[in-house]
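Below is one structure; the comments refer to it alone.
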Amino acid sequence: MLSNFFLDRPVFAWVIAIVMMLVGGLAIYNLPISQYPPIAPPSIAIDAFYPGASAETVENSLVQIIEQKMTGFDKLLYMTAVSEASGGGRIELTFAPGTDPDLAWAQVQNKLQLAMASLPDVVQRQGVKVSKSTRNWLLIVGLVSNDDSVDDIDLRDYAAANIEKVLARVPGVGEVEVFGSQYAMRIWLNPDKLTNYKLTIDDVIAALRAYNVEISAGQFGAAPAVEGQRLNASIIVQNLLKTPEEFAEIPLRTNPDGSVVRVRDVGRTELGTERYEINALYNGRPCAALAVRQAAGANALETARAIKATMDELSQYFPPGMGVIYPYDTTPFVRVAINEVVKTLLEAIVLVFLVMYLFLGNIRATLVPTIAVPVVILGTFAVLGALGYSINMLTMFAMVLAIGLLVDDAIVVVENVERVMHEEGLSPREATRKSMREITSALVGIGTVLAAVFGPMAFFGGSTGVIYRQFSVTIIAAMLLSVVVALILSPVLCAGLLKPVAHGHAPADTGFVLFRPFFRIFDRVFFWIRDRYRDMVGRILGRKIRYLLVYV
C-alpha cells in the first residue's frame, strides 16, 4: 500500500510535502492578483484621428473603411465603433473568452494594413494605433501645479512628451490615454482675407510644408578630405521653424509687382495645443491626466505599484511647482478585499485548530491535521500557478471553504489510529498500518465524491463558466491534494507524533495534564449525546414507513 511505503520512508514523505510548499510559495509571488477573474473577453482597440473632421466625416472616410477590412477573424464575437466630433475614431473588436490577445492583436494589425492605403493622407501621417488592454482603467495619473506657475497647456504637453511613453513601457501596462495633447503651432486664418488675396487653405498648407523643413546640405571638410584639412562641419541650409514669428513670415505668394503675401497677412500664429476639446480639472484647478489600462493577465497590484514607483522617480526631474496625484485608483479596494479574505483564511485555520483540539483532546493528535492545512493550501497555489489562474476573490473564497473540507481526511486518519490504539493497545506505527488498511479506500472515495460535486461547475460556458471555473478548480485541487497528504504525510505524522494509549484508555488521558479533567467531562457529555442520537436513529430505522410519512 502507498501509506506503508511512506511509513517505511518518512523522510521521503517530508520531502514531498516540503517540495509542495516551496512550489506553492513561489507560485504565490508570481500569480497575478485581481479582484475577480478576467470575466470580460479580450478586446483589441483601433484608434485614429482625423484633424478637423466632423463625426460624420470620421464615420464615412475612416471608421467604415477600417470596418470593411476587419473580416475573417477567428472567434470574433462583435465589433463596436465610435466617431467623435473632435475627429477621433475608435473601433473595438471583442473576441471569445480564451482567445490569445497577442494572436488577436497580430490578426487585427495585419487586416489594418489592408485599409491604410484607403485612409486620408492626414490620418496616415497621424498614425493609427492598435492596442490590447482591458476595458476599464486601472488608475489615473495626474499632473498639477502646486503654485499655479504652470498652466494647463504646459501640464498636458509635459505629460504627453515626457510621461506617456515611459508609463507605456511599465510591465503590466496595456494602454496609456492622455487627456490632452502636446504643444502645436496654431495658425488661425481669416476667410475674408484669404478671399481678398485669392488664396485657399491648400495654398497655406503647401507653403507650410515647403518652408517648415530641415534640409541637409552635406558637410564641409568631410572625408575624403584634402591633405591638411582640419575643419569638419555640417552645412545647414534651413532649420525647422520654432516661433510664431517665424511661421508668420512664411511667404504664400509673390505678386507681379514684387510684393509678398505672407501668413501674417491672412491670419495670426500662436503657440497652442493640438486639441482643445479636452480640459481636465482637479478640484477646480488645471490638471493633466493620463489614464492607464491594465494589460490582459497582468497583476493589478504590481502594475499599480510599478507605475507609482516610476512616477516617484520621474518626479525628481519635474519643473518647479509641478506635482503628481492619483485621483482614480482601483487597487486599494482590491488590496483591502484580498487582505480581508486572507484574514478570514487565517481565522478559519485557527478555528479549525481549536475545534479539532476540543474534540480530539490531544495536542499531538491535533497537530496532524493542522500540519496538513498549509501543505495542502500551498500545493493548491502551485496548481493555480500551473493552470495560469490568479489570486482573486473567488479563488480565495474557495480556499476558505476548502479549509473545513481538507482537514476531514487527516482527521479521519488520526481518529481511526487513536481508535485502534484505544481498542487494541497497539503502538502508533502498527496502529497506523492497520488503520490505513481500513480507511484508504474511504479516503479516496471522499475526495472523488467531493470532486464530482464541484467538477461540473468547471464546465459552465460563457461568462458564468469564467466566474466559477477558478472557484471549482481551486476546491477540487485542495480536495485531491488533501487525499494525497492523508495517504502520504498524515500516516507518517501519526506514527511519529502520537503517544501509545493503553488498552481501554481514552486519547484525552495522554493530553495536557491541566486540561485532562475538562476533556474527560467534555467526552462524557459528547458520548452521552452521541448515544442518545444513535438510539433515536435506531428507533427511526425500525419504523421507516411511519417516520417517512411524517417527513413527507
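Letters A, B, ... go to the chains of the C-alpha cells in the order shown; residues in each chain start at 1; ligands are counted from 1 in the same order.
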
Distance query Ala365 of chain A at most 9 Å, only C-alpha atoms, self and fewer than 2 positions along chain excluded, as a CSV table (one decimal) with N, CA and C atoms, in the first residue's frame:
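Output below, filename around-v7.csv:
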chain,number,residue,atom,x,y,z
A,356,MET,N,-10.7,21.1,16.4
A,356,MET,CA,-10.1,19.8,16.4
A,356,MET,C,-9.5,19.5,17.8
A,357,TYR,N,-8.9,20.5,18.4
A,357,TYR,CA,-8.3,20.3,19.7
A,357,TYR,C,-9.4,20.0,20.7
A,360,LEU,N,-10.6,16.3,19.8
A,360,LEU,CA,-9.6,15.2,19.9
A,360,LEU,C,-9.0,15.2,21.3
A,361,GLY,N,-8.9,16.3,21.9
A,361,GLY,CA,-8.4,16.3,23.3
A,361,GLY,C,-7.0,16.1,23.5
A,362,ASN,N,-6.2,16.1,22.4
A,362,ASN,CA,-4.8,15.8,22.5
A,362,ASN,C,-4.1,16.7,21.5
A,363,ILE,N,-3.1,17.5,22.0
A,363,ILE,CA,-2.4,18.5,21.1
A,363,ILE,C,-1.6,17.8,20.0
A,367,LEU,N,-2.1,18.3,15.9
A,367,LEU,CA,-1.1,18.8,15.0
A,367,LEU,C,-1.1,18.0,13.7
A,368,VAL,N,-1.6,16.8,13.7
A,368,VAL,CA,-1.6,16.0,12.4
A,368,VAL,C,-2.4,16.7,11.4
A,369,PRO,N,-3.7,17.0,11.6
A,369,PRO,CA,-4.5,17.7,10.5
A,369,PRO,C,-4.1,19.2,10.4
A,411,ILE,N,-8.3,14.2,9.7
A,411,ILE,CA,-9.0,13.8,10.9
A,411,ILE,C,-9.4,12.4,10.9
A,414,VAL,N,-6.3,10.3,11.8
A,414,VAL,CA,-5.8,10.4,13.2
A,414,VAL,C,-6.8,9.8,14.1
A,415,GLU,N,-8.1,10.0,13.9
A,415,GLU,CA,-9.2,9.4,14.8
A,415,GLU,C,-9.2,7.9,14.7
A,418,GLU,N,-6.2,6.5,16.6
A,418,GLU,CA,-6.4,6.5,18.0
A,418,GLU,C,-7.4,5.5,18.5
A,494,CYS,N,1.2,10.6,12.2
A,494,CYS,CA,0.6,9.8,13.3
A,494,CYS,C,1.7,8.9,13.9
A,497,LEU,N,4.2,11.4,15.9
A,497,LEU,CA,3.7,12.3,16.9
A,497,LEU,C,2.9,11.7,18.0
A,498,LEU,N,2.1,10.7,17.7
A,498,LEU,CA,1.1,10.2,18.7
A,498,LEU,C,1.9,9.3,19.7
A,507,PRO,N,-8.0,8.8,24.4
A,507,PRO,CA,-6.8,9.7,24.0
A,507,PRO,C,-6.6,10.9,24.8

Can you build me a table of segment 113-176 of chain A residues sitting at most 8 Å from segment 285-289 of chain A, with the closest atom pair per residue and its distance in Å to one decimal, using only C-alpha atoms, sorted by chain and residue number, as JSON lines?
{"residue": "A:Ile140", "atom": "CA", "partner": "A:Ala289", "partner_atom": "CA", "distance": 6.5}
{"residue": "A:Val141", "atom": "CA", "partner": "A:Ala289", "partner_atom": "CA", "distance": 5.7}
{"residue": "A:Gly142", "atom": "CA", "partner": "A:Ala289", "partner_atom": "CA", "distance": 4.4}
{"residue": "A:Leu143", "atom": "CA", "partner": "A:Ala288", "partner_atom": "CA", "distance": 5.0}
{"residue": "A:Val144", "atom": "CA", "partner": "A:Cys287", "partner_atom": "CA", "distance": 4.9}
{"residue": "A:Ser145", "atom": "CA", "partner": "A:Cys287", "partner_atom": "CA", "distance": 7.5}
{"residue": "A:Asp151", "atom": "CA", "partner": "A:Pro286", "partner_atom": "CA", "distance": 6.8}
{"residue": "A:Asp152", "atom": "CA", "partner": "A:Pro286", "partner_atom": "CA", "distance": 5.1}
{"residue": "A:Leu155", "atom": "CA", "partner": "A:Ala288", "partner_atom": "CA", "distance": 5.4}
{"residue": "A:Arg156", "atom": "CA", "partner": "A:Ala288", "partner_atom": "CA", "distance": 4.8}
{"residue": "A:Ala159", "atom": "CA", "partner": "A:Ala288", "partner_atom": "CA", "distance": 6.6}

Please, could you write that set of residues out with N, CA and C atoms as a short mmCIF file (atom, residue, chain, number, x, y, z; two decimals), in the first residue's frame?
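Contents of the output file part06.cif:
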data_model
loop_
_atom_site.label_atom_id
_atom_site.label_comp_id
_atom_site.auth_asym_id
_atom_site.auth_seq_id
_atom_site.Cartn_x
_atom_site.Cartn_y
_atom_site.Cartn_z
N ILE A 140 -5.62 56.51 -12.74
CA ILE A 140 -5.38 57.74 -13.49
C ILE A 140 -4.27 58.52 -12.78
N VAL A 141 -3.26 58.88 -13.54
CA VAL A 141 -2.15 59.68 -13.04
C VAL A 141 -2.39 61.13 -13.45
N GLY A 142 -2.25 62.04 -12.50
CA GLY A 142 -2.49 63.44 -12.80
C GLY A 142 -1.28 64.30 -12.47
N LEU A 143 -1.08 65.34 -13.28
CA LEU A 143 -0.04 66.33 -13.02
C LEU A 143 -0.71 67.66 -12.72
N VAL A 144 -0.34 68.28 -11.62
CA VAL A 144 -0.92 69.56 -11.20
C VAL A 144 0.19 70.54 -10.88
N SER A 145 -0.18 71.81 -10.89
CA SER A 145 0.74 72.87 -10.50
C SER A 145 0.40 73.29 -9.08
N ASP A 151 0.68 76.42 -16.46
CA ASP A 151 -0.71 76.42 -16.91
C ASP A 151 -1.10 75.04 -17.44
N ASP A 152 -2.37 74.91 -17.85
CA ASP A 152 -2.88 73.60 -18.26
C ASP A 152 -2.22 73.10 -19.53
N LEU A 155 1.13 71.64 -18.65
CA LEU A 155 0.98 70.35 -17.98
C LEU A 155 0.68 69.24 -18.98
N ARG A 156 -0.25 69.49 -19.89
CA ARG A 156 -0.61 68.46 -20.87
C ARG A 156 0.55 68.16 -21.81
N ALA A 159 3.03 66.01 -19.93
CA ALA A 159 2.54 64.65 -19.76
C ALA A 159 2.67 63.85 -21.05
#

- [ ] Name the residues of segment 91-237 of chain A that fall into strand (DSSP E) according to DSSP on the backbone, using the chain letters and numbers of this document, as a PyMOL selection string.
- [x] chain A and resi 91-95+129-132+137-145+173-179+183-189+215-220+233-237

Task: Residue nearest Arg516 of chain A among A:Ile325, A:Ala458, A:Leu358, A:Met393 (counting only C-alpha atoms) - done: A:Leu358

Task: Per-residue DSSP, segment 172-213 of chain A, filtered to alpha helix (DSSP H), as a ChimeraX atom specification - done: /A:191-196,201-211

TODO: Can you pull out every residue within 12 Å of Gly88 of chain A, counting only C-alpha atoms, but drop anything in the same chain fewer than 2 positions away, and send it as a PyMOL selection string?
DONE: chain A and resi 46-59+61-63+81-86+90-91+123+126-129+275+277

Write out, as a short mmCIF file (atom, residue, chain, number, x, y, z; two decimals), in the first residue's frame, the residues just selected, with N, CA and C atoms.
data_model
loop_
_atom_site.label_atom_id
_atom_site.label_comp_id
_atom_site.auth_asym_id
_atom_site.auth_seq_id
_atom_site.Cartn_x
_atom_site.Cartn_y
_atom_site.Cartn_z
N ILE A 46 -8.68 49.92 -32.02
CA ILE A 46 -8.02 50.67 -33.09
C ILE A 46 -8.38 52.14 -32.92
N ASP A 47 -7.38 52.99 -32.74
CA ASP A 47 -7.61 54.43 -32.53
C ASP A 47 -6.97 55.21 -33.66
N ALA A 48 -7.73 56.17 -34.20
CA ALA A 48 -7.22 57.04 -35.26
C ALA A 48 -7.78 58.44 -35.05
N PHE A 49 -7.12 59.43 -35.66
CA PHE A 49 -7.53 60.83 -35.50
C PHE A 49 -7.48 61.52 -36.85
N TYR A 50 -8.60 62.17 -37.17
CA TYR A 50 -8.72 62.93 -38.42
C TYR A 50 -8.90 64.39 -38.04
N PRO A 51 -7.84 65.20 -38.09
CA PRO A 51 -7.93 66.59 -37.61
C PRO A 51 -8.97 67.39 -38.38
N GLY A 52 -9.82 68.09 -37.65
CA GLY A 52 -10.79 68.98 -38.24
C GLY A 52 -12.02 68.31 -38.82
N ALA A 53 -12.12 67.00 -38.74
CA ALA A 53 -13.25 66.30 -39.34
C ALA A 53 -14.41 66.22 -38.36
N SER A 54 -15.62 66.20 -38.91
CA SER A 54 -16.82 66.02 -38.09
C SER A 54 -17.03 64.53 -37.82
N ALA A 55 -18.01 64.24 -36.98
CA ALA A 55 -18.28 62.85 -36.66
C ALA A 55 -18.72 62.08 -37.90
N GLU A 56 -19.52 62.72 -38.74
CA GLU A 56 -19.98 62.05 -39.96
C GLU A 56 -18.82 61.79 -40.91
N THR A 57 -17.91 62.75 -41.03
CA THR A 57 -16.75 62.56 -41.90
C THR A 57 -15.86 61.44 -41.39
N VAL A 58 -15.65 61.40 -40.07
CA VAL A 58 -14.85 60.32 -39.48
C VAL A 58 -15.51 58.96 -39.74
N GLU A 59 -16.84 58.92 -39.63
CA GLU A 59 -17.55 57.67 -39.87
C GLU A 59 -17.41 57.21 -41.32
N SER A 61 -15.23 58.30 -43.88
CA SER A 61 -13.91 58.22 -44.53
C SER A 61 -12.86 57.50 -43.70
N LEU A 62 -13.22 57.10 -42.47
CA LEU A 62 -12.22 56.47 -41.61
C LEU A 62 -12.75 55.16 -41.01
N VAL A 63 -13.80 55.27 -40.22
CA VAL A 63 -14.28 54.10 -39.47
C VAL A 63 -14.82 53.03 -40.40
N ALA A 81 -17.92 50.66 -32.83
CA ALA A 81 -17.16 51.80 -33.33
C ALA A 81 -17.77 53.09 -32.78
N VAL A 82 -16.91 54.05 -32.54
CA VAL A 82 -17.32 55.37 -32.04
C VAL A 82 -16.64 56.43 -32.90
N SER A 83 -17.43 57.37 -33.42
CA SER A 83 -16.90 58.51 -34.18
C SER A 83 -17.20 59.79 -33.41
N GLU A 84 -16.18 60.59 -33.18
CA GLU A 84 -16.32 61.78 -32.35
C GLU A 84 -16.27 63.04 -33.20
N ALA A 85 -16.95 64.06 -32.72
CA ALA A 85 -16.95 65.34 -33.40
C ALA A 85 -15.58 66.01 -33.36
N SER A 86 -14.74 65.59 -32.45
CA SER A 86 -13.39 66.16 -32.36
C SER A 86 -12.44 65.57 -33.38
N ARG A 90 -12.69 55.33 -32.86
CA ARG A 90 -12.21 54.16 -32.11
C ARG A 90 -13.07 52.95 -32.48
N ILE A 91 -12.41 51.87 -32.84
CA ILE A 91 -13.06 50.61 -33.17
C ILE A 91 -12.56 49.55 -32.20
N VAL A 123 -4.64 61.23 -41.99
CA VAL A 123 -4.79 60.16 -40.99
C VAL A 123 -3.57 59.26 -41.01
N GLN A 126 -0.82 60.95 -39.23
CA GLN A 126 -1.04 60.96 -37.78
C GLN A 126 -0.72 59.59 -37.18
N GLY A 127 -0.99 58.53 -37.95
CA GLY A 127 -0.76 57.18 -37.45
C GLY A 127 -2.03 56.59 -36.86
N VAL A 128 -2.15 55.28 -36.98
CA VAL A 128 -3.28 54.53 -36.43
C VAL A 128 -2.73 53.56 -35.39
N LYS A 129 -3.30 53.60 -34.19
CA LYS A 129 -2.79 52.81 -33.06
C LYS A 129 -3.67 51.59 -32.83
N ARG A 275 -5.19 69.89 -29.59
CA ARG A 275 -6.64 69.77 -29.46
C ARG A 275 -7.10 70.57 -28.24
N GLU A 277 -10.45 70.14 -27.24
CA GLU A 277 -11.72 69.54 -26.84
C GLU A 277 -11.71 69.03 -25.40
#

Quick one: residues within 10 Å of Pro38 of chain A, only C-alpha atoms counted, chain neighbours fewer than 3 positions away excluded, as a compact mmCIF listing (two decimals) with C-alpha atoms, in the first residue's frame?
# COMPACT_ATOMS: atom_id res chain seq x y z
CA SER A 34 -7.02 40.88 -9.11
CA GLN A 35 -10.47 41.39 -7.67
CA PRO A 41 -13.48 38.69 -23.22
CA PRO A 42 -10.27 40.06 -24.76
CA PRO A 97 -13.13 34.18 -23.98
CA GLY A 98 -9.93 32.18 -24.09
CA THR A 134 -8.69 45.66 -20.51
CA ALA A 296 -4.61 41.32 -20.05
CA GLY A 297 -3.50 38.90 -17.33
CA TYR A 389 -5.11 31.35 -12.76
CA SER A 390 -4.92 34.36 -10.45
CA ASN A 392 -8.77 36.75 -6.65
CA SER A 463 -19.04 34.40 -18.51
CA VAL A 466 -15.21 32.04 -16.37
CA ILE A 467 -16.52 33.12 -12.96

Open item on the list: Can you pull out the residues contacting Ala337 of chain A? Cut-off 12 Å, using only C-alpha atoms, and skip same-chain residues under 2 positions away; I want them as a VMD selection string.
Closed with: chain A and resid 33 to 36 330 to 335 339 to 344 391 to 394 396 to 397

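Comparing A:Ile475, A:Val525, A:Val420, A:Val375 by their smallest distance to Gly25 of chain A, the closest is A:Val375 (using only C-alpha atoms).
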
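One distance worth recording is that between atom CA of Arg469 of chain A and atom CA of Phe73 of chain A, which is 26.3 Å.
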
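Distance check against Phe471 of chain A using only C-alpha atoms: of A:Arg543, A:Gln219, A:Ala300, A:Met399, the minimum falls on A:Met399.
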
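Residues in contact range of Phe381 of chain A, defined as at most 8 Å between only C-alpha atoms, with sequence neighbours fewer than 2 positions away removed, read Gly24, Gly25, Ala27, Ile28, Ile377, Leu378, Gly379, Val383, Leu384 and Gly385 of chain A.
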
Hey, can you spit out that residue selection with N, CA and C atoms as a PDB file, in the first residue's frame?
ATOM      1  N   GLY A  24       4.423  25.979  -4.078  1.00  0.00           N
ATOM      2  CA  GLY A  24       3.281  26.846  -3.823  1.00  0.00           C
ATOM      3  C   GLY A  24       3.689  28.231  -3.369  1.00  0.00           C
ATOM      4  N   GLY A  25       4.723  28.302  -2.515  1.00  0.00           N
ATOM      5  CA  GLY A  25       5.202  29.614  -2.074  1.00  0.00           C
ATOM      6  C   GLY A  25       5.740  30.445  -3.228  1.00  0.00           C
ATOM      7  N   ALA A  27       4.796  30.114  -6.309  1.00  0.00           N
ATOM      8  CA  ALA A  27       3.652  30.459  -7.156  1.00  0.00           C
ATOM      9  C   ALA A  27       2.925  31.683  -6.631  1.00  0.00           C
ATOM     10  N   ILE A  28       2.856  31.845  -5.306  1.00  0.00           N
ATOM     11  CA  ILE A  28       2.154  33.000  -4.728  1.00  0.00           C
ATOM     12  C   ILE A  28       2.798  34.304  -5.191  1.00  0.00           C
ATOM     13  N   ILE A 377      -2.803  23.907   1.211  1.00  0.00           N
ATOM     14  CA  ILE A 377      -3.090  25.244   0.691  1.00  0.00           C
ATOM     15  C   ILE A 377      -1.982  25.708  -0.252  1.00  0.00           C
ATOM     16  N   LEU A 378      -0.721  25.547   0.157  1.00  0.00           N
ATOM     17  CA  LEU A 378       0.376  25.948  -0.716  1.00  0.00           C
ATOM     18  C   LEU A 378       0.425  25.085  -1.969  1.00  0.00           C
ATOM     19  N   GLY A 379       0.120  23.797  -1.831  1.00  0.00           N
ATOM     20  CA  GLY A 379       0.045  22.953  -3.018  1.00  0.00           C
ATOM     21  C   GLY A 379      -1.047  23.402  -3.969  1.00  0.00           C
ATOM     22  N   VAL A 383      -0.964  24.583  -8.017  1.00  0.00           N
ATOM     23  CA  VAL A 383      -1.867  24.167  -9.093  1.00  0.00           C
ATOM     24  C   VAL A 383      -2.437  25.394  -9.815  1.00  0.00           C
ATOM     25  N   LEU A 384      -2.815  26.427  -9.063  1.00  0.00           N
ATOM     26  CA  LEU A 384      -3.336  27.646  -9.681  1.00  0.00           C
ATOM     27  C   LEU A 384      -2.296  28.284 -10.598  1.00  0.00           C
ATOM     28  N   GLY A 385      -1.048  28.287 -10.136  1.00  0.00           N
ATOM     29  CA  GLY A 385       0.009  28.843 -10.974  1.00  0.00           C
ATOM     30  C   GLY A 385       0.230  28.031 -12.233  1.00  0.00           C
TER      31      GLY A 385
END

- [ ] Skip Leu480 of chain A itself and residues of its chain fewer than 4 positions away, then list as a PyMOL selection string all residues within 12 Å of it, counting only C-alpha atoms.
- [x] chain A and resi 376-377+379-380+383+402+405-409+443-452+454-455+473-476+484-487

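The spacing separating atom CA of Leu354 of chain A from atom CA of Thr370 of chain A amounts to 10.0 Å.
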
Open item on the list: Ranking A:Val11, A:Met536, A:Leu549, A:Ile236 by minimum distance to Ala217 of chain A and counting only C-alpha atoms, which one comes first?
Closed with: A:Ile236

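What separates atom CA of Ala17 of chain A from atom CA of Ile371 of chain A is a distance of 10.0 Å.
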